[in-house]
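J.: So here's coords_32.tsv, just TSV, C-alpha atoms:
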chain	number	residue	atom	x	y	z
K	1	MET	CA	-22.97	9.00	-71.62
K	2	LYS	CA	-25.19	11.32	-69.82
K	3	LEU	CA	-24.00	13.07	-66.70
K	4	VAL	CA	-26.66	13.21	-64.12
K	5	LEU	CA	-26.18	15.81	-61.45
K	6	PRO	CA	-27.89	15.02	-58.21
K	7	ALA	CA	-30.40	17.62	-57.31
K	8	ALA	CA	-28.94	19.70	-54.52
K	9	PRO	CA	-31.21	19.81	-51.56
K	10	ILE	CA	-32.13	23.42	-50.88
K	11	PRO	CA	-33.09	23.76	-47.27
K	12	ASP	CA	-35.83	26.26	-46.68
K	13	ARG	CA	-33.88	27.48	-43.70
K	14	VAL	CA	-30.47	26.85	-42.18
K	15	PRO	CA	-30.96	23.93	-39.85
K	16	GLY	CA	-30.36	24.67	-36.20
K	17	LEU	CA	-30.59	28.44	-36.56
K	18	SER	CA	-33.75	30.19	-35.69
K	19	ARG	CA	-34.84	33.43	-37.30
K	20	ARG	CA	-33.93	35.25	-34.11
K	21	THR	CA	-30.37	33.84	-33.96
K	22	ARG	CA	-29.85	34.76	-37.59
K	23	ALA	CA	-31.00	38.32	-36.93
K	24	VAL	CA	-28.54	38.62	-34.04
K	25	LEU	CA	-25.70	37.18	-36.14
K	26	PHE	CA	-26.35	39.52	-39.05
K	27	SER	CA	-26.64	42.64	-36.92
K	28	GLY	CA	-23.41	41.64	-35.11
K	29	LEU	CA	-21.68	41.25	-38.44
K	30	ALA	CA	-23.03	44.60	-39.68
K	31	LEU	CA	-21.87	46.32	-36.49
K	32	GLY	CA	-18.39	44.74	-36.81
K	33	LEU	CA	-18.10	45.87	-40.43
K	34	ALA	CA	-19.24	49.38	-39.53
K	35	LEU	CA	-16.65	49.56	-36.74
K	36	ALA	CA	-13.91	48.29	-39.06
K	37	ALA	CA	-14.92	50.86	-41.70
K	38	LEU	CA	-14.86	53.62	-39.08
K	39	ALA	CA	-11.40	52.55	-37.87
K	40	PHE	CA	-10.16	52.42	-41.47
K	41	TRP	CA	-11.53	55.88	-42.23
K	42	PHE	CA	-9.98	57.25	-39.01
K	43	ALA	CA	-6.56	55.78	-39.87
K	44	VAL	CA	-6.63	56.97	-43.49
K	45	ALA	CA	-8.38	60.37	-43.30
K	46	ARG	CA	-6.74	61.21	-39.94
K	47	PRO	CA	-9.38	63.76	-38.90
K	48	VAL	CA	-7.72	64.42	-35.51
K	49	LYS	CA	-3.97	64.98	-35.33
K	50	VAL	CA	-1.68	64.63	-32.32
K	51	LEU	CA	2.02	65.11	-31.72
K	52	PRO	CA	3.74	61.77	-31.10
K	53	ARG	CA	4.66	60.76	-27.57
K	54	ILE	CA	8.30	60.07	-28.33
K	55	ALA	CA	9.52	59.07	-24.87
K	56	PRO	CA	9.12	60.07	-21.25
K	57	LEU	CA	12.08	62.15	-20.17
K	58	SER	CA	13.83	60.69	-17.15
K	59	ALA	CA	14.37	62.89	-14.12
K	60	PHE	CA	17.19	65.42	-14.14
K	61	SER	CA	18.32	68.18	-11.82
K	62	LEU	CA	20.09	71.34	-12.89
K	63	GLU	CA	21.07	74.64	-11.37
K	64	ASP	CA	19.78	77.87	-12.92
K	65	GLN	CA	21.43	81.26	-13.43
K	66	TYR	CA	20.62	82.34	-9.87
K	67	GLY	CA	21.99	79.14	-8.35
K	68	LEU	CA	18.49	77.82	-7.69
K	69	PRO	CA	17.86	74.10	-8.18
K	70	LEU	CA	15.80	73.27	-11.26
K	71	SER	CA	14.55	69.71	-11.53
K	72	SER	CA	12.45	68.02	-14.18
K	73	ALA	CA	9.54	67.97	-11.68
K	74	ASP	CA	9.62	71.79	-11.51
K	75	LEU	CA	8.88	71.90	-15.22
K	76	ARG	CA	5.65	69.89	-15.04
K	77	GLY	CA	2.33	71.58	-15.68
K	78	ARG	CA	3.43	73.65	-18.67
K	79	MET	CA	5.06	72.66	-21.90
K	80	VAL	CA	8.67	73.65	-22.23
K	81	PHE	CA	10.94	74.34	-25.16
K	82	ILE	CA	14.45	73.24	-24.27
K	83	ASN	CA	17.43	74.32	-26.35
K	84	PHE	CA	21.02	73.20	-25.89
K	85	THR	CA	23.82	75.65	-26.40
K	86	TYR	CA	26.67	77.51	-24.69
K	87	THR	CA	26.97	81.24	-24.18
K	88	GLY	CA	30.17	81.40	-26.23
K	89	CYS	CA	28.32	80.31	-29.35
K	90	GLU	CA	28.27	83.40	-31.54
K	91	GLU	CA	27.06	83.52	-35.15
K	92	GLU	CA	26.55	79.77	-35.37
K	93	CYS	CA	23.70	80.01	-32.85
K	94	ALA	CA	22.39	83.42	-33.95
K	95	ALA	CA	19.52	81.96	-35.98
K	96	GLN	CA	18.51	79.74	-33.05
K	97	ARG	CA	18.47	82.67	-30.60
K	98	ALA	CA	16.52	84.89	-32.99
K	99	SER	CA	13.91	82.18	-33.65
K	100	LEU	CA	13.36	81.47	-29.97
K	101	VAL	CA	13.08	85.18	-29.11
K	102	ALA	CA	10.60	85.65	-31.99
K	103	LEU	CA	8.57	82.66	-30.76
K	104	ARG	CA	8.55	84.10	-27.24
K	105	GLU	CA	7.25	87.43	-28.53
K	106	THR	CA	4.46	85.74	-30.50
K	107	LEU	CA	3.47	83.69	-27.46
K	108	ARG	CA	3.53	86.81	-25.30
K	109	VAL	CA	1.13	88.55	-27.69
K	110	GLN	CA	-1.13	85.48	-27.67
K	111	GLY	CA	-1.05	85.43	-23.87
K	112	ARG	CA	0.32	81.88	-23.71
K	113	LEU	CA	3.80	82.72	-22.47
K	114	GLY	CA	4.31	81.58	-18.90
K	115	SER	CA	0.83	80.12	-18.55
K	116	GLU	CA	1.10	77.42	-21.23
K	117	VAL	CA	4.64	77.57	-22.51
K	118	VAL	CA	8.02	78.24	-20.92
K	119	PHE	CA	11.58	78.13	-22.19
K	120	LEU	CA	14.69	76.49	-20.83
K	121	THR	CA	18.21	76.88	-22.14
K	122	ILE	CA	20.64	74.19	-21.04
K	123	SER	CA	24.32	74.98	-21.39
K	124	PHE	CA	26.72	72.11	-22.05
K	125	ASP	CA	29.72	74.23	-21.12
K	126	PRO	CA	29.45	74.38	-17.30
K	127	GLU	CA	33.09	75.37	-16.94
K	128	ARG	CA	32.69	78.73	-18.70
K	129	ASP	CA	28.96	79.22	-18.24
K	130	THR	CA	28.97	80.29	-14.61
K	131	ARG	CA	25.95	81.90	-12.97
K	132	GLU	CA	27.25	85.34	-13.99
K	133	ALA	CA	27.77	84.29	-17.60
K	134	LEU	CA	24.26	82.83	-17.75
K	135	GLN	CA	22.78	85.95	-16.16
K	136	THR	CA	24.49	88.15	-18.76
K	137	TYR	CA	23.26	85.86	-21.52
K	138	ALA	CA	19.71	85.97	-20.15
K	139	ALA	CA	19.85	89.76	-20.01
K	140	GLN	CA	20.99	89.87	-23.66
K	141	LEU	CA	17.86	87.93	-24.61
K	142	ALA	CA	15.72	90.07	-22.28
K	143	ALA	CA	14.57	86.85	-20.66
K	144	ASP	CA	12.10	86.94	-17.78
K	145	ARG	CA	13.05	84.38	-15.12
K	146	ASN	CA	9.40	83.36	-14.78
K	147	ASN	CA	9.24	82.02	-18.30
K	148	TRP	CA	12.81	81.48	-19.49
K	149	ARG	CA	15.49	79.95	-17.31
K	150	PHE	CA	19.10	79.15	-18.09
K	151	ALA	CA	20.66	76.17	-16.41
K	152	THR	CA	23.55	73.77	-16.35
K	153	THR	CA	25.04	71.09	-14.13
K	154	ASP	CA	28.07	68.78	-13.91
K	155	PRO	CA	29.53	67.46	-17.20
K	156	THR	CA	28.66	63.79	-16.51
K	157	SER	CA	24.97	64.45	-15.90
K	158	LEU	CA	24.82	66.78	-18.89
K	159	LYS	CA	26.33	64.17	-21.18
K	160	ALA	CA	23.92	61.51	-19.90
K	161	LEU	CA	20.90	63.77	-20.44
K	162	ILE	CA	21.79	65.52	-23.69
K	163	GLY	CA	23.88	62.89	-25.46
K	164	GLY	CA	22.68	59.65	-23.89
K	165	GLU	CA	18.99	60.27	-23.56
K	166	LEU	CA	18.19	62.86	-26.21
K	167	GLY	CA	20.86	61.77	-28.70
K	168	ILE	CA	22.15	65.31	-29.19
K	169	TYR	CA	25.85	65.35	-29.90
K	170	TYR	CA	28.31	67.88	-28.55
K	171	ASP	CA	32.08	67.71	-28.47
K	172	LYS	CA	34.65	68.87	-25.95
K	173	PRO	CA	35.61	72.54	-26.23
K	174	ASP	CA	38.53	73.18	-28.59
K	175	THR	CA	41.46	75.49	-27.72
K	176	ALA	CA	39.45	78.58	-28.71
K	177	GLY	CA	36.57	77.46	-26.48
K	178	ARG	CA	34.33	76.58	-29.40
K	179	ILE	CA	32.18	73.48	-29.11
K	180	ALA	CA	31.05	71.49	-32.14
K	181	HIS	CA	27.43	70.49	-31.53
K	182	ASP	CA	24.10	69.48	-33.02
K	183	GLN	CA	21.62	72.32	-33.13
K	184	ARG	CA	18.47	70.96	-31.55
K	185	VAL	CA	15.40	72.20	-29.74
K	186	VAL	CA	13.00	69.80	-28.06
K	187	LEU	CA	9.41	70.22	-26.92
K	188	VAL	CA	8.48	68.53	-23.63
K	189	ASP	CA	4.83	68.51	-22.58
K	190	ALA	CA	3.24	69.25	-19.20
K	191	HIS	CA	3.66	65.61	-18.12
K	192	GLY	CA	7.37	65.46	-18.91
K	193	MET	CA	6.89	63.57	-22.17
K	194	LEU	CA	9.15	64.38	-25.12
K	195	ARG	CA	6.81	65.41	-27.94
K	196	ALA	CA	8.96	66.90	-30.71
K	197	ARG	CA	12.52	67.59	-31.82
K	198	TYR	CA	13.47	70.40	-34.16
K	199	ARG	CA	16.57	71.57	-35.95
K	200	ALA	CA	17.39	74.72	-34.03
K	201	ASP	CA	19.05	76.47	-36.97
K	202	ALA	CA	15.95	76.18	-39.16
K	203	LEU	CA	13.01	76.72	-36.83
K	204	ASP	CA	9.69	77.33	-38.53
K	205	GLN	CA	7.47	79.62	-36.42
K	206	GLY	CA	4.28	78.38	-38.04
K	207	LYS	CA	5.14	74.77	-37.30
K	208	LEU	CA	6.13	75.53	-33.70
K	209	LEU	CA	2.87	77.38	-33.04
K	210	ARG	CA	0.89	74.57	-34.65
K	211	ASP	CA	2.61	72.01	-32.41
K	212	ILE	CA	2.00	74.10	-29.28
K	213	GLY	CA	-1.67	74.29	-30.29
K	214	LEU	CA	-1.90	70.50	-30.79
K	215	VAL	CA	-0.30	69.70	-27.44
K	216	GLN	CA	-2.42	72.25	-25.58
K	217	GLN	CA	-5.63	71.03	-27.24
K	218	GLU	CA	-4.89	67.47	-26.23
K	219	LEU	CA	-3.96	68.48	-22.68
K	220	GLY	CA	-7.23	70.39	-22.25
K	221	SER	CA	-9.46	67.62	-23.61
K	222	SER	CA	-11.76	65.51	-21.50
K	223	GLY	CA	-14.39	62.81	-21.79
K	224	LEU	CA	-15.00	61.41	-25.27
K	225	MET	CA	-12.59	63.82	-26.94
K	226	ARG	CA	-9.78	62.49	-24.74
K	227	GLN	CA	-10.53	58.96	-26.06
K	228	VAL	CA	-10.48	60.33	-29.61
K	229	TYR	CA	-6.99	61.74	-28.99
K	230	GLU	CA	-5.91	58.36	-27.59
K	231	ALA	CA	-7.22	56.74	-30.78
K	232	SER	CA	-5.21	59.24	-32.81
K	233	HIS	CA	-2.08	58.12	-30.95
K	234	LEU	CA	-2.98	54.50	-31.60
K	235	PHE	CA	-3.43	55.12	-35.32
K	236	LEU	CA	-0.31	57.34	-35.49
K	237	CYS	CA	-2.25	60.36	-36.76
K	238	TYR	CA	0.72	62.71	-36.71
K	239	PRO	CA	0.92	66.01	-38.56
K	240	ASP	CA	3.19	66.11	-41.61
Y	1	MET	CA	-35.51	10.70	-40.27
Y	2	ILE	CA	-32.36	9.21	-41.81
Y	3	LYS	CA	-32.35	11.91	-44.49
Y	4	ASN	CA	-32.43	14.66	-41.88
Y	5	ASP	CA	-29.49	13.13	-40.00
Y	6	GLU	CA	-27.40	13.06	-43.18
Y	7	LYS	CA	-28.24	16.68	-43.83
Y	8	PHE	CA	-27.19	17.59	-40.32
Y	9	ILE	CA	-23.84	15.75	-40.59
Y	10	GLY	CA	-23.16	17.52	-43.90
Y	11	TYR	CA	-23.90	20.81	-42.22
Y	12	ILE	CA	-21.48	20.04	-39.35
Y	13	PHE	CA	-18.71	19.27	-41.87
Y	14	GLU	CA	-19.38	22.51	-43.71
Y	15	VAL	CA	-19.17	24.53	-40.48
Y	16	ALA	CA	-16.00	22.69	-39.43
Y	17	TRP	CA	-14.31	23.95	-42.60
Y	18	ILE	CA	-15.78	27.43	-42.77
Y	19	LEU	CA	-15.20	28.46	-39.16
Y	20	PRO	CA	-11.39	27.93	-39.13
Y	21	SER	CA	-11.09	29.76	-42.47
Y	22	VAL	CA	-12.58	32.78	-40.72
Y	23	ALA	CA	-10.88	32.22	-37.36
Y	24	ILE	CA	-7.33	31.90	-38.76
Y	25	PRO	CA	-7.17	35.31	-40.52
Y	26	VAL	CA	-8.90	36.93	-37.54
Y	27	ALA	CA	-6.30	35.41	-35.19
Y	28	VAL	CA	-3.42	36.53	-37.43
Y	29	ILE	CA	-4.72	40.10	-37.77
Y	30	THR	CA	-5.28	40.29	-34.01
Y	31	ALA	CA	-1.72	39.09	-33.39
Y	32	VAL	CA	-0.29	41.68	-35.80
Y	33	VAL	CA	-2.33	44.53	-34.31
Y	34	LEU	CA	-1.48	43.48	-30.75
Y	35	THR	CA	2.25	43.22	-31.38
Y	36	ALA	CA	2.29	46.52	-33.26
Y	37	PHE	CA	0.36	48.59	-30.75
Y	38	ALA	CA	0.48	46.82	-27.38
Y	39	VAL	CA	3.95	45.26	-27.47
Y	40	GLY	CA	5.36	48.07	-29.60
Y	41	ILE	CA	7.04	46.01	-32.33
Y	42	ARG	CA	7.79	48.33	-35.23
Y	43	VAL	CA	9.49	47.82	-38.52
Y	44	PRO	CA	12.28	50.37	-38.96
Y	45	ASP	CA	10.51	53.17	-40.77
Y	46	VAL	CA	11.19	56.62	-42.13
Y	47	VAL	CA	12.35	58.98	-39.40
Y	48	GLY	CA	12.98	61.95	-41.63
Y	49	ARG	CA	13.42	63.26	-45.11
Y	50	ILE	CA	16.47	64.66	-46.81
Y	51	GLU	CA	17.15	66.15	-50.21
Y	52	PRO	CA	19.65	63.71	-51.85
Y	53	LYS	CA	21.51	66.60	-53.51
Y	54	ALA	CA	21.95	68.31	-50.13
Y	55	ILE	CA	23.49	65.31	-48.33
Y	56	ALA	CA	26.95	66.88	-48.37
Y	57	VAL	CA	25.72	69.94	-46.44
Y	58	THR	CA	23.13	68.34	-44.14
Y	59	ALA	CA	24.07	67.15	-40.67
Y	60	PRO	CA	24.89	64.45	-39.73
Y	61	PHE	CA	25.70	63.28	-43.27
Y	62	ASP	CA	28.02	66.21	-44.02
Y	63	GLN	CA	30.51	64.41	-41.78
Y	64	PRO	CA	29.62	60.73	-42.04
Y	65	GLY	CA	31.19	58.54	-39.40
Y	66	LEU	CA	31.00	57.41	-35.83
Y	67	ARG	CA	30.61	59.79	-32.92
Y	68	GLU	CA	30.16	59.23	-29.22
Y	69	LEU	CA	26.94	60.67	-27.82
Y	70	ALA	CA	27.60	59.53	-24.27
Y	71	PRO	CA	29.79	56.85	-22.66
Y	72	GLY	CA	28.85	53.56	-24.37
Y	73	LYS	CA	26.40	55.23	-26.75
Y	74	TYR	CA	27.35	55.95	-30.32
Y	75	GLU	CA	25.77	57.31	-33.44
Y	76	ALA	CA	26.97	56.14	-36.83
Y	77	ALA	CA	25.97	58.35	-39.75
Y	78	ILE	CA	26.42	56.34	-42.94
Y	79	VAL	CA	25.87	57.37	-46.55
Y	80	ALA	CA	25.11	54.60	-49.04
Y	81	GLN	CA	25.81	54.98	-52.74
Y	82	VAL	CA	26.74	52.71	-55.67
Y	83	PHE	CA	28.63	50.59	-54.56
Y	84	LEU	CA	29.89	51.55	-51.14
Y	85	PHE	CA	29.04	52.65	-47.65
Y	86	THR	CA	30.77	55.74	-46.24
Y	87	PRO	CA	32.27	54.90	-43.78
Y	88	ASN	CA	32.50	51.17	-44.39
Y	89	GLU	CA	34.34	50.25	-41.21
Y	90	ILE	CA	33.29	51.04	-37.65
Y	91	GLU	CA	35.19	50.21	-34.50
Y	92	ILE	CA	33.49	50.16	-31.11
Y	93	PRO	CA	34.11	48.60	-27.70
Y	94	ALA	CA	31.95	45.63	-26.68
Y	95	GLY	CA	28.74	46.50	-24.87
Y	96	SER	CA	28.21	49.65	-26.91
Y	97	GLU	CA	24.85	50.78	-28.17
Y	98	VAL	CA	25.02	52.12	-31.70
Y	99	THR	CA	22.33	54.08	-33.51
Y	100	PHE	CA	22.74	53.71	-37.26
Y	101	VAL	CA	21.45	56.68	-39.24
Y	102	LEU	CA	21.47	56.12	-42.98
Y	103	THR	CA	20.51	57.68	-46.23
Y	104	SER	CA	21.22	56.98	-49.88
Y	105	ARG	CA	22.80	59.25	-52.45
Y	106	ASP	CA	21.34	57.49	-55.50
Y	107	VAL	CA	19.28	54.31	-55.60
Y	108	ILE	CA	17.64	52.07	-53.02
Y	109	HIS	CA	20.19	50.10	-51.01
Y	110	GLY	CA	19.92	47.61	-48.19
Y	111	PHE	CA	21.72	47.64	-44.87
Y	112	LYS	CA	22.08	44.36	-43.04
Y	113	ILE	CA	24.51	43.51	-40.28
Y	114	VAL	CA	24.93	39.76	-40.21
Y	115	GLY	CA	24.26	38.22	-36.81
Y	116	THR	CA	22.26	41.18	-35.47
Y	117	ALA	CA	18.73	42.48	-35.79
Y	118	VAL	CA	19.88	45.31	-38.09
Y	119	ASN	CA	18.09	44.91	-41.39
Y	120	MET	CA	16.71	47.95	-43.15
Y	121	MET	CA	16.20	49.64	-46.46
Y	122	VAL	CA	18.12	52.76	-47.39
Y	123	VAL	CA	15.97	54.91	-49.64
Y	124	PRO	CA	17.11	58.09	-51.40
Y	125	GLY	CA	15.31	61.07	-49.90
Y	126	GLN	CA	14.64	59.28	-46.63
Y	127	ILE	CA	16.54	58.75	-43.41
Y	128	SER	CA	16.53	55.30	-41.80
Y	129	LYS	CA	17.44	54.80	-38.16
Y	130	LEU	CA	17.92	51.78	-35.94
Y	131	THR	CA	19.61	51.22	-32.58
Y	132	VAL	CA	21.39	47.99	-31.68
Y	133	ARG	CA	23.66	46.80	-28.89
Y	134	PHE	CA	26.88	44.89	-29.58
Y	135	ASP	CA	27.74	42.66	-26.62
Y	136	GLN	CA	29.92	40.00	-28.27
Y	137	PRO	CA	33.37	41.05	-29.53
Y	138	GLY	CA	34.12	40.14	-33.12
Y	139	GLU	CA	33.77	41.26	-36.71
Y	140	TYR	CA	30.27	41.81	-38.01
Y	141	LEU	CA	29.75	41.91	-41.75
Y	142	ILE	CA	27.64	44.70	-43.23
Y	143	VAL	CA	26.05	43.89	-46.57
Y	144	CYS	CA	23.83	45.67	-49.03
Y	145	HIS	CA	20.98	43.20	-49.47
Y	146	GLU	CA	18.88	45.19	-51.91
Y	147	TYR	CA	20.07	44.69	-55.50
Y	148	CYS	CA	21.48	48.08	-56.57
Y	149	GLY	CA	23.42	47.44	-59.79
Y	150	SER	CA	26.38	45.67	-61.37
Y	151	GLY	CA	28.66	46.18	-58.35
Y	152	HIS	CA	26.05	45.17	-55.78
Y	153	HIS	CA	28.06	42.14	-54.64
Y	154	VAL	CA	31.05	44.26	-53.57
Y	155	MET	CA	28.98	46.68	-51.50
Y	156	SER	CA	29.90	45.74	-47.96
Y	157	GLY	CA	31.50	46.90	-44.76
Y	158	LYS	CA	32.17	45.75	-41.23
Y	159	VAL	CA	31.64	46.57	-37.59
Y	160	ILE	CA	34.59	45.64	-35.41
Y	161	VAL	CA	33.61	45.08	-31.80
Y	162	GLN	CA	36.55	44.91	-29.42
Translate the structure of the given file into structure tokens.
T.:
Amino acid sequence: MKLVLPAAPIPDRVPGLSRRTRAVLFSGLALGLALAALAFWFAVARPVKVLPRIAPLSAFSLEDQYGLPLSSADLRGRMVFINFTYTGCEEECAAQRASLVALRETLRVQGRLGSEVVFLTISFDPERDTREALQTYAAQLAADRNNWRFATTDPTSLKALIGGELGIYYDKPDTAGRIAHDQRVVLVDAHGMLRARYRADALDQGKLLRDIGLVQQELGSSGLMRQVYEASHLFLCYPD
Amino acid sequence: MIKNDEKFIGYIFEVAWILPSVAIPVAVITAVVLTAFAVGIRVPDVVGRIEPKAIAVTAPFDQPGLRELAPGKYEAAIVAQVFLFTPNEIEIPAGSEVTFVLTSRDVIHGFKIVGTAVNMMVVPGQISKLTVRFDQPGEYLIVCHEYCGSGHHVMSGKVIVQ
């Protein structure tokens, strides 16, 4: 038996589609593919890095070492490093203090202290950390009130902010006045958005300066570059 | 004339099959991208790294267990190893929000709490994190649902919500 295949009709052109329509379709397809390739390259090569926007920090109000009110709104406009400690913390917090002081000195040399970056120390021991205690502590660190403030508030608000919102644990003071706590520093940007968390006992100056640079770069961007930063957020282009 | 009509009908059939085969994957990819970026649905992913040998000296795993971050908010640091979770029993009041932070000492384990949305992998060298709210009182079974060895079936725990 012989199998006879019917001759397939080969149309000289796709019926219903003019040359012009085909040209439009093909260029549309080429453009789509090019866009997809660009998006893929952007997501894989990550040419522009950003610090993640972890969460907006809800409003809080504290009282600083001079009894002045300090609210979250007062901190807008500059990025702020916030650390959580109590003045009675001796050698356990020594590394944290030294790192923050060293970072402040570097920023001072670079001329970014006060203009781009400020510091805030929040004490979770309001009972012992009175205004006087905080003033003494600030003096020990040679802190300038224009770029490093020390603040606290009532225990309930502190617990809600530090434990509830930021997930940083601290216990009640024991009989010797010592408080078991997580050593954490957070970076909040000029818009009040939480951008990074660090282990306060192992701060890496290079990494901190890099992160400050990334946040500042993004803040100062405009036009097309701003959209590129938005795309970096979308594609999770975070530094390692 | 008749021949041309047949050709045209054949063409319509071809298009009717080809178009959906393009449209369906495009619709699925769009849905995935939209839910991931616009709605913010994320699979629980790596939130940090840890040296498995240093688990005993790295917070919070140096003291695994439950601790209260704020009223109604807890953090449970759990270490998984063959064939147990440390701790393997957690007691919380109803309405609590618990953030589970896990890592593994040895091989890949699973962490699933039956009846909740908690379902994640526990990988040595990585930290996994997930927050869930327990509104209904009762006992919730924790199981390792990633085969980890001969004692895999006994690797379990429970969350007691009061």
J.: Which residues of chain K sit at most 6 Å from chain Y, using all atoms listed in the file? Give each one's shortest atom pair and distance in Å (one decimal place), in chain and ascending residue order, as a tab-separated table.
T.:
residue	atom	partner	partner_atom	distance
K:Lys159	CA	Y:Ala70	CA	5.7
K:Gly163	CA	Y:Leu69	CA	4.5
K:Gly164	CA	Y:Ala70	CA	4.9
K:Tyr169	CA	Y:Leu69	CA	5.2
J.: Write out as a PDB file with C-alpha atoms, in the frame of the given file each polymer residue whose atoms come within 7 Å of Y:Gln126, counting all atoms listed in the file; drop sequence neighbours fewer than 3 positions from it.
T.:
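Result saved to selection01.pdb:
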ATOM      1  CA  VAL Y  46      11.190  56.620 -42.130  1.00  0.00           C
ATOM      2  CA  GLY Y  48      12.980  61.950 -41.630  1.00  0.00           C
ATOM      3  CA  ARG Y  49      13.420  63.260 -45.110  1.00  0.00           C
ATOM      4  CA  ILE Y  50      16.470  64.660 -46.810  1.00  0.00           C
ATOM      5  CA  THR Y 103      20.510  57.680 -46.230  1.00  0.00           C
ATOM      6  CA  VAL Y 123      15.970  54.910 -49.640  1.00  0.00           C
TER       7      VAL Y 123
END
J.: Give me the residues near K:Lys49 as a ChimeraX atom specification, where near means some atom within 6 Å (using all atoms listed in the file) and where sequence neighbours in that chain fewer than 6 positions away do not count.
T.: /K:237-239
J.: Compile the contact shell of K:Thr106 as a list in words: residues with an atom at most 12 Å away, counting all atoms listed in the file, same-chain residues fewer than 2 positions apart removed.
T.: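 The residues satisfying every condition are Ser99, Leu100, Val101, Ala102, Leu103, Arg104, Arg108, Val109, Gln110, Gly111, Arg112, Leu113, Val117, Gln205, Gly206, Leu208, Leu209 and Ile212 of chain K.
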J.: Take the selection from the previous step and output its residues with C-alpha atoms, as a PDB file, in the frame of the given file.
T.:
ATOM      1  CA  SER K  99      13.910  82.180 -33.650  1.00  0.00           C
ATOM      2  CA  LEU K 100      13.360  81.470 -29.970  1.00  0.00           C
ATOM      3  CA  VAL K 101      13.080  85.180 -29.110  1.00  0.00           C
ATOM      4  CA  ALA K 102      10.600  85.650 -31.990  1.00  0.00           C
ATOM      5  CA  LEU K 103       8.570  82.660 -30.760  1.00  0.00           C
ATOM      6  CA  ARG K 104       8.550  84.100 -27.240  1.00  0.00           C
ATOM      7  CA  ARG K 108       3.530  86.810 -25.300  1.00  0.00           C
ATOM      8  CA  VAL K 109       1.130  88.550 -27.690  1.00  0.00           C
ATOM      9  CA  GLN K 110      -1.130  85.480 -27.670  1.00  0.00           C
ATOM     10  CA  GLY K 111      -1.050  85.430 -23.870  1.00  0.00           C
ATOM     11  CA  ARG K 112       0.320  81.880 -23.710  1.00  0.00           C
ATOM     12  CA  LEU K 113       3.800  82.720 -22.470  1.00  0.00           C
ATOM     13  CA  VAL K 117       4.640  77.570 -22.510  1.00  0.00           C
ATOM     14  CA  GLN K 205       7.470  79.620 -36.420  1.00  0.00           C
ATOM     15  CA  GLY K 206       4.280  78.380 -38.040  1.00  0.00           C
ATOM     16  CA  LEU K 208       6.130  75.530 -33.700  1.00  0.00           C
ATOM     17  CA  LEU K 209       2.870  77.380 -33.040  1.00  0.00           C
ATOM     18  CA  ILE K 212       2.000  74.100 -29.280  1.00  0.00           C
TER      19      ILE K 212
END
J.: Taking all atoms of stretch 140-158 of chain Y that the file lists and extending 5 Å past them on each side, where is the centre of the axis-aligned box and how long are its edges? Answer in Å to one decimal, as AutoDock Vina command-line options.
T.:
--center_x 25.5 --center_y 44.9 --center_z -49.7 --size_x 23.3 --size_y 16.3 --size_z 33.4
J.: Env of Y:Gln162: 7 Å cut, atoms = only C-alpha atoms, seq-sep filter 2 positions within chain, self excluded. Answer as a PyMOL selection string.
T.: chain Y and resi 92-94+137-138+160
J.: Excluding stretch 181-187 of chain K and residues on its chain fewer than 5 positions from it, collect all residues at most 10 Å away from it, counting only C-alpha atoms, and give them as a ChimeraX atom specification.
T.: /K:79-86,92-93,96,100,117,119-121,124,166-173,192-203,208,211-212,215 /Y:59-60
J.: To one decimal place, how far is atom CA of K:Tyr229 from atom CA of K:Val48 in Å?
T.: 7.1 Å
J.: For Y:Tyr147, which residue among Y:Gly110, Y:Gly10, Y:Pro124, Y:Gly115 is the nearest when counting only C-alpha atoms?
T.: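 That would be Y:Gly110, the residue with the smallest distance to Y:Tyr147.
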J.: Quick one: pull the distance between atom CA of K:Asn146 and atom CA of K:Thr130, Å, one decimal.
T.: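 If I compute the distance from atom CA of K:Asn146 to atom CA of K:Thr130, I get 19.8 Å.
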J.: Given the choices Y:Glu146, Y:Ile90, Y:Trp17, Y:Ile127, which gets closest to Y:Lys112 if the distance is worked out from only C-alpha atoms?
T.: Y:Glu146
J.: What separation in Å, quoted to one decimal, exists between atom CA of K:Gln217 and atom CA of K:Ala190?
T.: 12.1 Å
J.: When distances are computed from all atoms listed in the file, which of Y:Val47, Y:Val101, Y:Val26, Y:Val32 shows the smallest separation from Y:Thr86?
T.: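 Nearest to Y:Thr86: Y:Val101.
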J.: Using all atoms listed in the file for the distances, tell me which of K:Pro126, K:Pro52, K:Ala45, K:Arg178 is nearest to K:Gly88.
T.: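 Closest to K:Gly88, using all atoms listed in the file: K:Arg178.
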